[in-house]
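> Got a file for you: data_17.tsv, TSV, C-alpha atoms.
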```
chain	number	residue	atom	x	y	z
A	165	MET	CA	0.00	0.00	0.00
A	166	SER	CA	1.55	3.24	-1.13
A	167	ARG	CA	1.69	6.06	1.37
A	168	GLU	CA	2.68	8.72	-1.16
A	169	PRO	CA	0.23	11.65	-1.45
A	170	LEU	CA	-2.15	11.40	-4.41
A	171	SER	CA	-2.84	14.34	-6.70
A	172	GLN	CA	-6.24	16.02	-6.73
A	173	LYS	CA	-7.01	14.32	-10.07
A	174	GLU	CA	-6.00	10.89	-8.75
A	175	ILE	CA	-8.27	11.40	-5.74
A	176	GLU	CA	-11.19	12.48	-7.93
A	177	ASP	CA	-10.66	9.51	-10.24
A	178	ARG	CA	-10.56	7.05	-7.34
A	179	LEU	CA	-13.66	8.57	-5.73
A	180	ARG	CA	-15.65	7.71	-8.86
A	181	GLU	CA	-15.14	4.08	-7.86
A	182	LEU	CA	-16.53	4.72	-4.36
A	183	PRO	CA	-20.05	6.16	-4.55
A	184	GLY	CA	-21.01	8.01	-1.41
A	185	TRP	CA	-17.43	8.94	-0.53
A	186	ALA	CA	-16.26	12.55	-0.78
A	187	PHE	CA	-13.07	14.57	-0.41
A	188	GLU	CA	-12.76	17.63	1.81
A	189	ASP	CA	-10.08	19.15	4.04
A	190	ASP	CA	-7.40	16.68	2.90
A	191	ARG	CA	-9.44	13.58	3.79
A	192	ILE	CA	-11.90	11.18	2.23
A	193	PHE	CA	-15.05	10.42	4.18
A	194	ARG	CA	-18.45	8.80	4.18
A	195	THR	CA	-21.37	8.48	6.59
A	196	TYR	CA	-23.33	5.22	6.75
A	197	ARG	CA	-26.84	4.78	8.14
A	198	LEU	CA	-27.74	1.47	9.75
A	199	GLY	CA	-30.89	-0.08	11.19
A	200	SER	CA	-30.00	0.35	14.87
A	201	HIS	CA	-27.39	1.52	17.32
A	202	PHE	CA	-26.31	-2.08	17.83
A	203	ALA	CA	-25.73	-2.52	14.06
A	204	ALA	CA	-23.75	0.72	13.91
A	205	SER	CA	-21.63	-0.38	16.88
A	206	ALA	CA	-20.95	-3.74	15.25
A	207	LEU	CA	-19.81	-2.01	12.05
A	208	VAL	CA	-17.41	0.19	14.06
A	209	SER	CA	-15.94	-2.93	15.71
A	210	HIS	CA	-15.41	-4.62	12.35
A	211	ILE	CA	-13.85	-1.49	10.84
A	212	ALA	CA	-11.46	-1.31	13.81
A	213	ALA	CA	-10.36	-4.89	13.14
A	214	VAL	CA	-9.61	-4.08	9.49
A	215	GLN	CA	-7.70	-0.96	10.55
A	216	GLU	CA	-5.52	-3.09	12.79
A	217	GLU	CA	-4.97	-5.62	10.01
A	218	LEU	CA	-3.91	-2.86	7.60
A	219	ASN	CA	-2.08	-0.86	10.29
A	220	HIS	CA	-3.97	2.15	9.00
A	221	HIS	CA	-6.41	3.92	11.30
A	222	SER	CA	-9.14	6.40	10.49
A	223	ASP	CA	-11.40	8.63	12.52
A	224	LEU	CA	-14.66	6.86	13.33
A	225	THR	CA	-17.71	8.64	14.70
A	226	LEU	CA	-20.53	6.52	16.09
A	227	GLY	CA	-24.00	8.03	16.27
A	228	TYR	CA	-27.30	6.46	17.25
A	229	ASN	CA	-27.59	4.57	13.94
A	230	THR	CA	-24.79	6.17	11.91
A	231	VAL	CA	-21.09	5.65	11.41
A	232	ARG	CA	-18.87	8.31	9.86
A	233	VAL	CA	-15.48	7.26	8.52
A	234	SER	CA	-12.93	9.97	7.80
A	235	VAL	CA	-9.44	9.04	6.67
A	236	ASN	CA	-6.11	10.40	5.52
A	237	THR	CA	-2.53	9.26	6.04
A	238	HIS	CA	-0.81	10.91	8.98
A	239	ASP	CA	2.70	9.82	8.03
A	240	ALA	CA	2.23	11.36	4.56
A	241	GLY	CA	1.60	14.81	6.00
A	242	ASP	CA	-2.14	14.18	6.50
A	243	SER	CA	-2.59	13.71	2.76
A	244	VAL	CA	-4.78	11.20	0.94
A	245	THR	CA	-2.86	8.16	-0.27
A	246	GLU	CA	-3.54	4.79	-1.87
A	247	ALA	CA	-3.64	3.34	1.66
A	248	ASP	CA	-6.72	5.45	2.37
A	249	PHE	CA	-8.51	4.06	-0.67
A	250	THR	CA	-7.56	0.51	0.28
A	251	LEU	CA	-9.14	1.07	3.68
A	252	ALA	CA	-12.21	2.75	2.14
A	253	GLU	CA	-12.75	-0.23	-0.18
A	254	ARG	CA	-12.58	-2.63	2.75
A	255	VAL	CA	-14.99	-0.44	4.74
A	256	GLU	CA	-17.41	-0.43	1.79
A	257	ALA	CA	-17.45	-4.23	1.76
A	258	LEU	CA	-18.06	-4.35	5.52
A	259	ALA	CA	-20.79	-1.71	5.39
A	260	SER	CA	-22.58	-3.61	2.66
A	261	ALA	CA	-22.42	-6.82	4.68
A	262	HIS	CA	-23.93	-4.93	7.66
A	263	GLY	CA	-26.78	-3.58	5.54
A	264	ALA	CA	-25.59	0.02	5.75
A	265	ALA	CA	-26.95	2.64	3.40
```
If you took the structure in this file and wrote it as structure tokens, what would it be?

Amino acid sequence: MSREPLSQKEIEDRLRELPGWAFEDDRIFRTYRLGSHFAASALVSHIAAVQEELNHHSDLTLGYNTVRVSVNTHDAGDSVTEADFTLAERVEALASAHGAA
């Protein structure tokens, strides 16, 4: 996983592959809505496990039935890198499996 900063164009191109994700303030992010607080909590736990596996950690915000994921690469000067998109793709798969919208 590359931890070199991506250009604005590279970020925009990659975001086309991740509907629902956006770029702002040098990070990519998405908010998921789930059926309950328990489902949202379970998704957060599963995302945390993937973050550990990838050794790449994002900001996670847990709401009543929402989860917001916001990620950039700290050791690349808080820029967006390929590592962020790898994590986002894994989060997408988890969110889908949890029935998130």
> Nearest to Val214 (chain A) among A:Val255, A:Ala186, A:Val231, A:Ala240, with distances taken over all atoms listed in the file: which residue is it?
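Selected residue with least distance to Val214 (chain A): A:Val255.
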> Would you pick out the contacts of Phe193 (chain A) at 12 Å or less, using all atoms listed in the file, so that residues sharing its chain but fewer than 2 positions from it are not included, and give the list as a ChimeraX atom specification?
/A:179,182-191,195-196,222-225,231-236,244,248-249,251-253,255-256
> Could the residues in this selection be written to a file with C-alpha atoms, as a short mmCIF file (atom, residue, chain, number, x, y, z; two decimals), in the coordinates of the input?

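Final output, again_2.cif:
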```
data_model
loop_
_atom_site.label_atom_id
_atom_site.label_comp_id
_atom_site.auth_asym_id
_atom_site.auth_seq_id
_atom_site.Cartn_x
_atom_site.Cartn_y
_atom_site.Cartn_z
CA LEU A 179 -13.66 8.57 -5.73
CA LEU A 182 -16.53 4.72 -4.36
CA PRO A 183 -20.05 6.16 -4.55
CA GLY A 184 -21.01 8.01 -1.41
CA TRP A 185 -17.43 8.94 -0.53
CA ALA A 186 -16.26 12.55 -0.78
CA PHE A 187 -13.07 14.57 -0.41
CA GLU A 188 -12.76 17.63 1.81
CA ASP A 189 -10.08 19.15 4.04
CA ASP A 190 -7.40 16.68 2.90
CA ARG A 191 -9.44 13.58 3.79
CA THR A 195 -21.37 8.48 6.59
CA TYR A 196 -23.33 5.22 6.75
CA SER A 222 -9.14 6.40 10.49
CA ASP A 223 -11.40 8.63 12.52
CA LEU A 224 -14.66 6.86 13.33
CA THR A 225 -17.71 8.64 14.70
CA VAL A 231 -21.09 5.65 11.41
CA ARG A 232 -18.87 8.31 9.86
CA VAL A 233 -15.48 7.26 8.52
CA SER A 234 -12.93 9.97 7.80
CA VAL A 235 -9.44 9.04 6.67
CA ASN A 236 -6.11 10.40 5.52
CA VAL A 244 -4.78 11.20 0.94
CA ASP A 248 -6.72 5.45 2.37
CA PHE A 249 -8.51 4.06 -0.67
CA LEU A 251 -9.14 1.07 3.68
CA ALA A 252 -12.21 2.75 2.14
CA GLU A 253 -12.75 -0.23 -0.18
CA VAL A 255 -14.99 -0.44 4.74
CA GLU A 256 -17.41 -0.43 1.79
#
```
> Calculated over only C-alpha atoms, which of the candidates A:Arg254, A:Arg197, A:Lys173, A:His210 has the smallest distance to Gly227 (chain A)?
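Among A:Arg254, A:Arg197, A:Lys173, A:His210, it is A:Arg197 that comes nearest to Gly227 (chain A).
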> Rounded to one decimal place, report the CA of Asp239 (chain A)-CA of Ile211 (chain A) distance in Å.
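So the answer is 20.2 Å.
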> I'd like the interatomic distance between CA of Leu226 (chain A) and CA of His201 (chain A), to a tenth of an Å.
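About the pair CA of Leu226 (chain A) and CA of His201 (chain A): they are 8.6 Å apart.
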> From the list A:Ser166, A:Tyr228, A:Arg178, A:Ala213, which residue is nearest Gly199 (chain A) when using all atoms listed in the file?
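Nearest candidate to Gly199 (chain A) out of A:Ser166, A:Tyr228, A:Arg178, A:Ala213: A:Tyr228.
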